[in-house]
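structure32.txt follows (compact mmCIF, C-alpha atoms and all ligand atoms):
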```txt
# COMPACT_ATOMS: atom_id res chain seq x y z
CA MET C 1 41.64 -18.12 9.54
CA LYS C 2 42.08 -14.39 9.26
CA PRO C 3 40.51 -12.70 6.22
CA ALA C 4 42.45 -9.95 4.47
CA GLY C 5 39.84 -7.24 5.04
CA LEU C 6 37.67 -5.32 2.61
CA LYS C 7 40.51 -3.01 1.60
CA ALA C 8 42.32 -5.90 -0.07
CA TYR C 9 39.17 -6.73 -2.01
CA PHE C 10 38.79 -3.18 -3.30
CA ASP C 11 42.50 -2.96 -4.09
CA ALA C 12 42.16 -6.09 -6.20
CA HIS C 13 39.01 -4.78 -7.91
CA PRO C 14 39.70 -1.12 -8.66
CA GLU C 15 36.95 -1.00 -11.30
CA ILE C 16 34.16 -1.34 -8.72
CA ARG C 17 31.98 1.77 -8.66
CA VAL C 18 28.90 0.40 -6.91
CA ALA C 19 28.81 -1.42 -3.58
CA ILE C 20 25.66 -3.04 -2.26
CA PHE C 21 25.26 -4.41 1.24
CA ALA C 22 22.44 -6.89 1.61
CA GLY C 23 21.37 -9.29 4.30
CA LYS C 24 18.74 -9.84 6.93
CA GLY C 25 17.54 -7.05 9.17
CA GLY C 26 19.62 -5.72 12.02
CA LEU C 27 22.94 -7.48 11.35
CA GLY C 28 25.01 -4.53 10.17
CA LYS C 29 24.18 -3.36 6.64
CA THR C 30 23.96 0.29 7.61
CA THR C 31 27.09 0.07 9.74
CA SER C 32 29.07 -1.64 6.96
CA SER C 33 27.85 0.74 4.23
CA SER C 34 28.73 3.77 6.32
CA SER C 35 32.12 2.29 7.19
CA LEU C 36 32.98 1.62 3.55
CA ALA C 37 31.74 5.07 2.50
CA TYR C 38 33.91 6.65 5.18
CA TYR C 39 36.97 4.79 3.92
CA MET C 40 36.33 5.62 0.26
CA ALA C 41 35.89 9.31 1.03
CA THR C 42 38.75 9.75 3.50
CA GLU C 43 41.43 7.25 2.43
CA LYS C 44 40.73 6.87 -1.28
CA LYS C 45 39.56 10.48 -1.75
CA CYS C 46 36.75 9.18 -3.95
CA LYS C 47 33.69 11.31 -4.39
CA THR C 48 31.31 8.92 -2.65
CA LEU C 49 27.54 8.79 -2.49
CA LEU C 50 26.00 6.82 0.35
CA PHE C 51 22.37 6.10 -0.31
CA SER C 52 19.41 4.68 1.56
CA THR C 53 15.62 4.52 1.29
CA ASP C 54 15.08 3.04 4.72
CA PRO C 55 11.97 4.67 6.22
CA GLN C 56 13.67 4.25 9.60
CA ALA C 57 16.15 6.91 8.52
CA SER C 58 19.04 4.69 9.57
CA LEU C 59 21.77 6.85 8.02
CA SER C 60 20.47 9.84 9.96
CA ASP C 61 20.67 7.64 12.99
CA ILE C 62 24.24 6.40 12.53
CA PHE C 63 25.65 9.78 11.45
CA GLU C 64 23.57 11.52 14.13
CA ARG C 65 22.34 14.09 11.59
CA ASN C 66 19.03 14.51 9.88
CA PHE C 67 19.28 13.60 6.19
CA PHE C 68 15.80 12.21 5.65
CA GLY C 69 14.08 13.60 2.57
CA ARG C 70 16.56 16.49 2.45
CA GLY C 71 18.45 15.68 -0.73
CA VAL C 72 22.19 15.10 -1.01
CA ILE C 73 24.23 16.34 1.97
CA GLU C 74 28.05 16.42 2.16
CA VAL C 75 28.95 15.16 5.63
CA ILE C 76 32.72 15.40 5.38
CA PRO C 77 34.75 16.20 2.27
CA ASN C 78 33.95 13.63 -0.46
CA LEU C 79 31.28 11.87 1.58
CA PHE C 80 27.77 12.64 0.36
CA VAL C 81 24.71 11.11 1.95
CA VAL C 82 21.19 10.91 0.59
CA GLU C 83 18.27 9.36 2.38
CA ILE C 84 15.35 9.11 0.03
CA ASP C 85 11.80 9.36 1.26
CA ALA C 86 10.44 6.29 -0.56
CA ASP C 87 6.86 6.96 0.56
CA ARG C 88 7.00 10.27 -1.23
CA ARG C 89 8.40 8.66 -4.36
CA VAL C 90 5.64 6.05 -4.33
CA ALA C 91 3.03 8.82 -3.98
CA GLU C 92 4.60 10.71 -6.89
CA TYR C 93 4.65 7.58 -8.98
CA GLN C 94 0.97 6.91 -8.27
CA ALA C 95 0.10 10.46 -9.23
CA SER C 96 1.94 10.02 -12.52
CA VAL C 97 0.18 6.70 -13.21
CA LYS C 98 -3.19 8.40 -12.63
CA GLN C 99 -2.21 11.23 -14.91
CA LYS C 100 -1.15 8.82 -17.63
CA ILE C 101 -4.46 6.96 -17.44
CA ARG C 102 -6.36 10.26 -17.64
CA ASP C 103 -4.28 11.34 -20.64
CA MET C 104 -4.58 8.01 -22.42
CA TYR C 105 -8.32 7.91 -22.18
CA GLY C 106 -8.93 11.65 -22.31
CA LEU C 107 -10.59 11.69 -18.89
CA ASP C 108 -10.94 14.69 -16.56
CA GLU C 109 -11.48 12.45 -13.60
CA LEU C 110 -10.64 8.82 -12.94
CA PRO C 111 -13.43 6.39 -12.15
CA ARG C 112 -13.47 5.77 -8.41
CA GLU C 113 -12.57 2.07 -8.62
CA ILE C 114 -9.48 2.87 -10.67
CA GLU C 115 -8.46 5.64 -8.30
CA GLU C 116 -8.83 3.25 -5.37
CA TYR C 117 -6.95 0.52 -7.18
CA VAL C 118 -3.95 2.74 -7.85
CA ASP C 119 -4.01 4.05 -4.27
CA SER C 120 -4.13 0.55 -2.81
CA SER C 121 -0.93 -0.38 -4.64
CA SER C 122 1.13 1.69 -2.18
CA ALA C 123 0.45 -1.02 0.40
CA GLU C 124 2.33 -3.46 -1.84
CA PRO C 125 5.93 -4.00 -0.75
CA SER C 126 6.91 -4.38 -4.39
CA MET C 127 5.86 -0.78 -5.03
CA TYR C 128 8.25 0.34 -2.35
CA GLU C 129 11.06 -1.82 -3.67
CA SER C 130 10.48 -0.66 -7.18
CA ALA C 131 10.77 2.97 -6.01
CA THR C 132 14.06 2.08 -4.31
CA TYR C 133 15.53 0.35 -7.34
CA ASP C 134 14.43 3.13 -9.63
CA ALA C 135 16.12 5.70 -7.45
CA MET C 136 19.31 3.61 -7.36
CA ALA C 137 19.48 3.10 -11.12
CA GLU C 138 18.76 6.79 -11.67
CA LEU C 139 21.58 7.89 -9.38
CA VAL C 140 24.14 5.65 -11.04
CA ALA C 141 22.99 6.67 -14.52
CA ALA C 142 23.52 10.34 -13.58
CA ASN C 143 27.21 9.46 -13.12
CA GLU C 144 28.15 12.29 -10.75
CA TYR C 145 30.14 10.27 -8.23
CA ASP C 146 33.17 7.97 -8.29
CA MET C 147 31.60 5.49 -5.90
CA TYR C 148 28.00 4.59 -5.03
CA ILE C 149 27.26 2.72 -1.83
CA PHE C 150 23.77 1.38 -1.27
CA ASP C 151 22.58 0.57 2.19
CA MET C 152 19.62 -1.68 1.43
CA PRO C 153 16.49 -1.44 3.52
CA PRO C 154 15.53 -4.60 5.42
CA PHE C 155 13.47 -6.38 2.80
CA GLY C 156 13.87 -9.50 0.65
CA HIS C 157 17.67 -9.14 0.59
CA GLY C 158 17.13 -6.21 -1.70
CA VAL C 159 17.20 -8.41 -4.75
CA ARG C 160 13.68 -9.66 -5.20
CA MET C 161 13.44 -7.36 -8.17
CA VAL C 162 16.08 -9.38 -9.98
CA ALA C 163 13.95 -12.50 -9.55
CA MET C 164 10.92 -10.63 -10.83
CA ALA C 165 12.80 -8.97 -13.64
CA GLU C 166 12.93 -11.97 -15.94
CA ILE C 167 9.24 -12.74 -15.59
CA LEU C 168 8.26 -9.09 -15.95
CA SER C 169 10.54 -8.63 -18.88
CA LYS C 170 8.98 -11.59 -20.75
CA TRP C 171 5.53 -10.32 -19.94
CA VAL C 172 6.31 -6.85 -21.16
CA GLU C 173 7.85 -8.33 -24.31
CA LYS C 174 4.70 -10.30 -25.13
CA ILE C 175 2.46 -7.28 -24.64
CA THR C 176 4.85 -5.08 -26.58
CA GLU C 177 4.70 -7.52 -29.49
CA ALA C 178 0.92 -7.56 -29.44
CA ARG C 179 0.79 -3.79 -29.22
CA SER C 180 3.15 -3.30 -32.12
CA GLN C 181 1.00 -5.55 -34.29
CA VAL C 182 -2.06 -3.53 -33.36
CA ALA C 183 -0.13 -0.35 -34.09
CA GLU C 184 0.71 -1.62 -37.58
CA TYR C 185 -2.92 -2.30 -38.36
CA GLU C 186 -3.87 1.10 -37.01
CA GLN C 187 -1.27 2.73 -39.18
CA VAL C 188 -2.61 1.00 -42.28
CA ALA C 189 -6.17 1.89 -41.33
CA ALA C 190 -5.17 5.48 -40.63
CA SER C 191 -3.31 5.85 -43.93
CA LEU C 192 -6.32 4.45 -45.78
CA LYS C 193 -8.46 7.09 -44.10
CA GLY C 194 -5.77 9.73 -44.63
CA GLU C 195 -5.20 10.23 -40.85
CA ARG C 196 -1.95 10.24 -38.97
CA ALA C 197 -1.64 7.26 -36.63
CA GLN C 198 -1.78 8.21 -32.97
CA GLU C 199 1.32 7.65 -30.93
CA ASP C 200 0.81 4.60 -28.79
CA ALA C 201 1.15 5.87 -25.23
CA MET C 202 0.61 2.46 -23.72
CA MET C 203 3.44 1.02 -25.78
CA ALA C 204 5.79 3.79 -24.69
CA GLU C 205 4.89 3.12 -21.07
CA LEU C 206 5.59 -0.60 -21.39
CA LEU C 207 8.93 0.01 -23.02
CA ASP C 208 9.77 2.44 -20.27
CA ILE C 209 8.95 -0.14 -17.58
CA ARG C 210 11.11 -2.73 -19.30
CA GLN C 211 13.94 -0.27 -19.66
CA ARG C 212 13.84 0.47 -15.95
CA ILE C 213 13.82 -3.18 -14.99
CA THR C 214 16.80 -4.02 -17.16
CA THR C 215 18.74 -0.96 -15.99
CA PHE C 216 18.44 -2.13 -12.40
CA THR C 217 19.16 -5.78 -13.20
CA ASP C 218 22.22 -4.83 -15.23
CA LEU C 219 23.44 -2.68 -12.38
CA ILE C 220 23.14 -5.34 -9.72
CA THR C 221 24.44 -8.24 -11.81
CA ASN C 222 27.38 -6.43 -13.37
CA GLN C 223 30.30 -8.27 -11.81
CA LYS C 224 32.91 -5.89 -13.06
CA SER C 225 31.61 -2.67 -11.62
CA THR C 226 29.38 -3.83 -8.78
CA GLY C 227 30.51 -5.29 -5.47
CA PHE C 228 27.74 -7.24 -3.80
CA PHE C 229 28.29 -8.02 -0.13
CA MET C 230 26.30 -9.79 2.53
CA VAL C 231 26.55 -9.18 6.24
CA LEU C 232 26.00 -11.93 8.78
CA ILE C 233 26.65 -12.55 12.46
CA PRO C 234 27.79 -15.72 14.25
CA GLU C 235 24.32 -17.09 14.98
CA GLN C 236 22.46 -20.12 13.65
CA MET C 237 19.66 -18.21 11.94
CA ALA C 238 22.03 -15.86 10.18
CA ILE C 239 24.13 -18.76 8.87
CA LEU C 240 21.07 -20.62 7.56
CA ASP C 241 19.80 -17.46 5.99
CA THR C 242 23.11 -16.73 4.30
CA ASP C 243 23.15 -20.28 2.93
CA ARG C 244 19.70 -19.80 1.45
CA ALA C 245 20.57 -16.38 0.08
CA LEU C 246 23.71 -17.71 -1.58
CA SER C 247 21.81 -20.35 -3.52
CA MET C 248 19.11 -17.83 -4.42
CA PHE C 249 21.74 -15.38 -5.68
CA SER C 250 23.48 -17.95 -7.82
CA GLU C 251 20.14 -18.92 -9.39
CA LEU C 252 19.58 -15.26 -10.22
CA GLY C 253 23.02 -14.89 -11.74
CA ILE C 254 24.21 -12.57 -8.99
CA GLN C 255 27.84 -13.16 -8.08
CA LEU C 256 28.39 -12.47 -4.42
CA SER C 257 31.62 -10.55 -3.88
CA GLY C 258 31.91 -11.76 -0.33
CA LEU C 259 30.70 -11.90 3.23
CA ILE C 260 31.25 -9.67 6.23
CA VAL C 261 30.99 -11.31 9.63
CA ASN C 262 29.90 -8.65 12.09
CA GLN C 263 29.53 -8.40 15.86
CA VAL C 264 32.24 -10.93 16.69
CA TYR C 265 33.72 -11.06 20.19
CA PRO C 266 37.47 -11.25 19.49
CA PRO C 267 38.44 -14.84 20.43
CA GLU C 268 41.67 -13.76 22.14
CA LEU C 269 39.60 -12.07 24.87
CA ILE C 270 39.23 -15.50 26.42
CA GLU C 271 42.82 -15.25 27.67
CA GLN C 272 42.07 -12.13 29.69
CA PRO C 273 42.41 -12.94 33.39
CA ASN C 274 39.42 -10.97 34.71
CA LEU C 275 37.02 -11.71 31.91
CA SER C 276 33.44 -11.28 33.08
CA GLU C 277 31.09 -14.24 33.19
CA PHE C 278 28.89 -12.47 30.67
CA LEU C 279 31.64 -12.01 28.11
CA ARG C 280 32.96 -15.53 28.58
CA ASN C 281 29.49 -16.91 27.83
CA ARG C 282 29.11 -14.72 24.77
CA LEU C 283 32.52 -15.74 23.51
CA GLU C 284 31.86 -19.43 24.03
CA GLY C 285 28.42 -19.08 22.52
CA GLN C 286 29.82 -17.64 19.31
CA ARG C 287 32.65 -20.14 18.91
CA PRO C 288 30.75 -23.01 17.21
CA TYR C 289 29.09 -20.60 14.81
CA LEU C 290 32.38 -18.97 13.90
CA GLU C 291 33.79 -22.41 13.21
CA GLU C 292 30.78 -23.21 11.06
CA ILE C 293 31.17 -19.94 9.16
CA ALA C 294 34.85 -20.63 8.51
CA ARG C 295 34.08 -24.16 7.37
CA LYS C 296 31.08 -23.30 5.22
CA PHE C 297 32.03 -20.01 3.70
CA GLY C 298 35.83 -20.01 4.03
CA GLU C 299 37.40 -17.75 1.44
CA ARG C 300 34.14 -15.94 0.85
CA VAL C 301 34.58 -14.17 4.19
CA LEU C 302 36.31 -10.89 3.43
CA SER C 303 36.32 -9.31 6.85
CA VAL C 304 35.41 -9.90 10.47
CA VAL C 305 34.26 -6.90 12.49
CA PRO C 306 34.42 -6.97 16.29
CA MET C 307 31.49 -6.45 18.63
CA TYR C 308 31.80 -2.96 20.12
CA THR C 309 30.91 -2.13 23.66
CA ARG C 310 28.47 0.48 22.38
CA GLU C 311 26.53 1.06 19.21
CA PRO C 312 28.79 2.36 16.44
CA LYS C 313 27.29 5.83 15.98
CA GLY C 314 28.75 9.21 15.21
CA LEU C 315 31.78 9.97 13.01
CA GLU C 316 34.36 8.81 15.53
CA MET C 317 32.79 5.35 15.88
CA ILE C 318 32.20 5.12 12.13
CA ALA C 319 35.91 5.82 11.60
CA ARG C 320 36.77 2.99 14.00
CA ALA C 321 34.31 0.55 12.45
CA SER C 322 35.66 1.56 9.06
CA ALA C 323 39.25 0.74 10.03
CA ASP C 324 38.12 -2.65 11.39
CA LEU C 325 36.14 -3.50 8.27
CA MET C 326 38.81 -2.48 5.79
CA ASP C 327 41.77 -4.04 7.65
CA CYS C 328 40.46 -7.14 9.33
CA LYS C 329 42.02 -7.59 12.76
CA VAL C 330 39.96 -10.49 14.07
CA ALA C 331 40.75 -14.11 13.25
CA ILE C 332 38.00 -16.70 13.39
N1 LIG U 1 30.03 -4.44 15.40
C1 LIG U 1 29.04 -3.96 16.11
N2 LIG U 1 29.14 -3.85 17.48
C2 LIG U 1 28.13 -3.39 18.20
N3 LIG U 1 26.94 -3.00 17.71
C3 LIG U 1 26.77 -3.07 16.39
C4 LIG U 1 27.80 -3.55 15.52
N4 LIG U 1 27.33 -3.50 14.25
C5 LIG U 1 26.09 -3.03 14.31
N5 LIG U 1 25.73 -2.76 15.58
C6 LIG U 1 24.44 -2.25 16.05
O1 LIG U 1 23.46 -3.21 15.69
C7 LIG U 1 22.29 -2.59 15.22
C8 LIG U 1 22.02 -3.05 13.78
O2 LIG U 1 23.07 -2.60 12.94
P1 LIG U 1 22.75 -1.92 11.54
O3 LIG U 1 21.76 -0.82 11.71
O4 LIG U 1 24.02 -1.60 10.87
O5 LIG U 1 22.04 -3.16 10.83
P2 LIG U 1 21.16 -3.18 9.49
O6 LIG U 1 21.46 -4.48 8.85
O7 LIG U 1 21.38 -1.96 8.72
O8 LIG U 1 19.69 -3.18 10.07
P3 LIG U 1 18.32 -2.93 9.25
O9 LIG U 1 18.10 -4.20 8.49
O10 LIG U 1 17.31 -2.72 10.32
O11 LIG U 1 18.55 -1.76 8.38
C9 LIG U 1 22.53 -1.08 15.33
O12 LIG U 1 21.98 -0.64 16.52
C10 LIG U 1 24.04 -0.96 15.35
O13 LIG U 1 24.46 0.18 16.05
MG MG U 2 19.96 -0.53 8.05
```

Take the structure in the file and give it back as structure tokens.
Amino acid sequence: MKPAGLKAYFDAHPEIRVAIFAGKGGLGKTTSSSSLAYYMATEKKCKTLLFSTDPQASLSDIFERNFFGRGVIEVIPNLFVVEIDADRRVAEYQASVKQKIRDMYGLDELPREIEEYVDSSSAEPSMYESATYDAMAELVAANEYDMYIFDMPPFGHGVRMVAMAEILSKWVEKITEARSQVAEYEQVAASLKGERAQEDAMMAELLDIRQRITTFTDLITNQKSTGFFMVLIPEQMAILDTDRALSMFSELGIQLSGLIVNQVYPPELIEQPNLSEFLRNRLEGQRPYLEEIARKFGERVLSVVPMYTREPKGLEMIARASADLMDCKVAI
């Protein structure tokens, strides 16, 4: 089979404004995101924002330019890149949590245990993810670009938050209910005493958390405007992992737009007369997995990207990878 390429998918879904590339580490999320962003900016002339919070500064690496923590940078006309320093965002968030606690309880200084507790939360991966998702939702809400492309960092498929969202949302709802009952009593008590009821800061904070969770969940599960892609390679582990991810996604209500098979040795190479032993082995090694991918995922495969002889880095290689991703040339 030969997939139609990612261009056909975007042509058929012109309302997509957000593209997310997920998948296990090191298979090609950054390469695919950059390739799509390049196409959107150059061919479609869309004002495109390519975004990452990877602490490894992978966009800086692929574009061979330093973007990390430097805000939005226009690389070529219409292609804007931003690489957010998530550690800094987590630190800012912690500072704001501490400030809120001080304000709520009218403290000049936080008790040491509380200070330490808030600080220790930065070691939590969820803190990091939450900073990422917040930044994503914020960017889309600002509505300054035609297309948003998110290169997810290598964690939990970038969608753990969706799984947590429902639980968190229920939890926040329960507490909000309890708080609003308390607030009613306080209001009555205050009016009896002739005082104005204090604004409930805790309640506002809870509502804010819930708002942020639902904004992100809505963004990622919106089938009309969000394209959600997974990248895999022809190897056993990647296939198993994609299988697992697909069932996890469907449980979470996330519709996968499709799969990209990356790093494929073009099968027709086998006919080359002086094919090296190395390449022949690689080709033969991939064959059963490609067959399995075609059998298992079939129509879900949107494009097959060849294995390059060197790492796709720099604008020229991104342009090439982009052409291969958008117009699939490899049959599997
Ligand atoms: N088609 C390809 N041919 C050759 N090398 C490739 C190809 N696609 C990706 N690579 C290389 O493989 C490595 C991993 O690719 P990439 O950084 O895109 O993966 P990733 O999924 O973003 O990884 P991470 O999860 O670490 O962010 C990089 O060194 C990249 O240059
Ligand atoms: Mg990456």

key: atom CA of C:Glu138 to atom CA of C:Thr214, distance in Å rounded to a single decimal   = 12.3 Å

task = State, in Å with one decimal place, the distance from atom CA of C:Leu50 to atom CA of C:Glu83.
result = 8.4 Å

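Closest approach to C:Ala57 among C:Leu259, C:Ala22, C:Ile84, C:Ile73 is made by C:Ile84 (distances from only C-alpha atoms).
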
ask   = Neighbours of ligand LIG 1 (chain U) within 6 Å, counting all atoms listed in the file, as an MDAnalysis selection string?
value = chainID C and resid 24:31 153:154 262:263 305:308 310:312

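Atom CA of C:Glu124 sits 27.2 Å away from atom CA of C:Asp243.
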
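Using only C-alpha atoms, the protein and nucleic acid residues lying no more than 12 Å from C:Ala91, apart from those fewer than 4 places from it along its own chain, are C:Asp85, C:Ala86, C:Asp87, C:Ala95, C:Ser96, C:Val97, C:Lys98, C:Val118, C:Asp119, C:Ser120, C:Ser121, C:Ser122, C:Ala123, C:Met127, C:Tyr128, C:Ala131.
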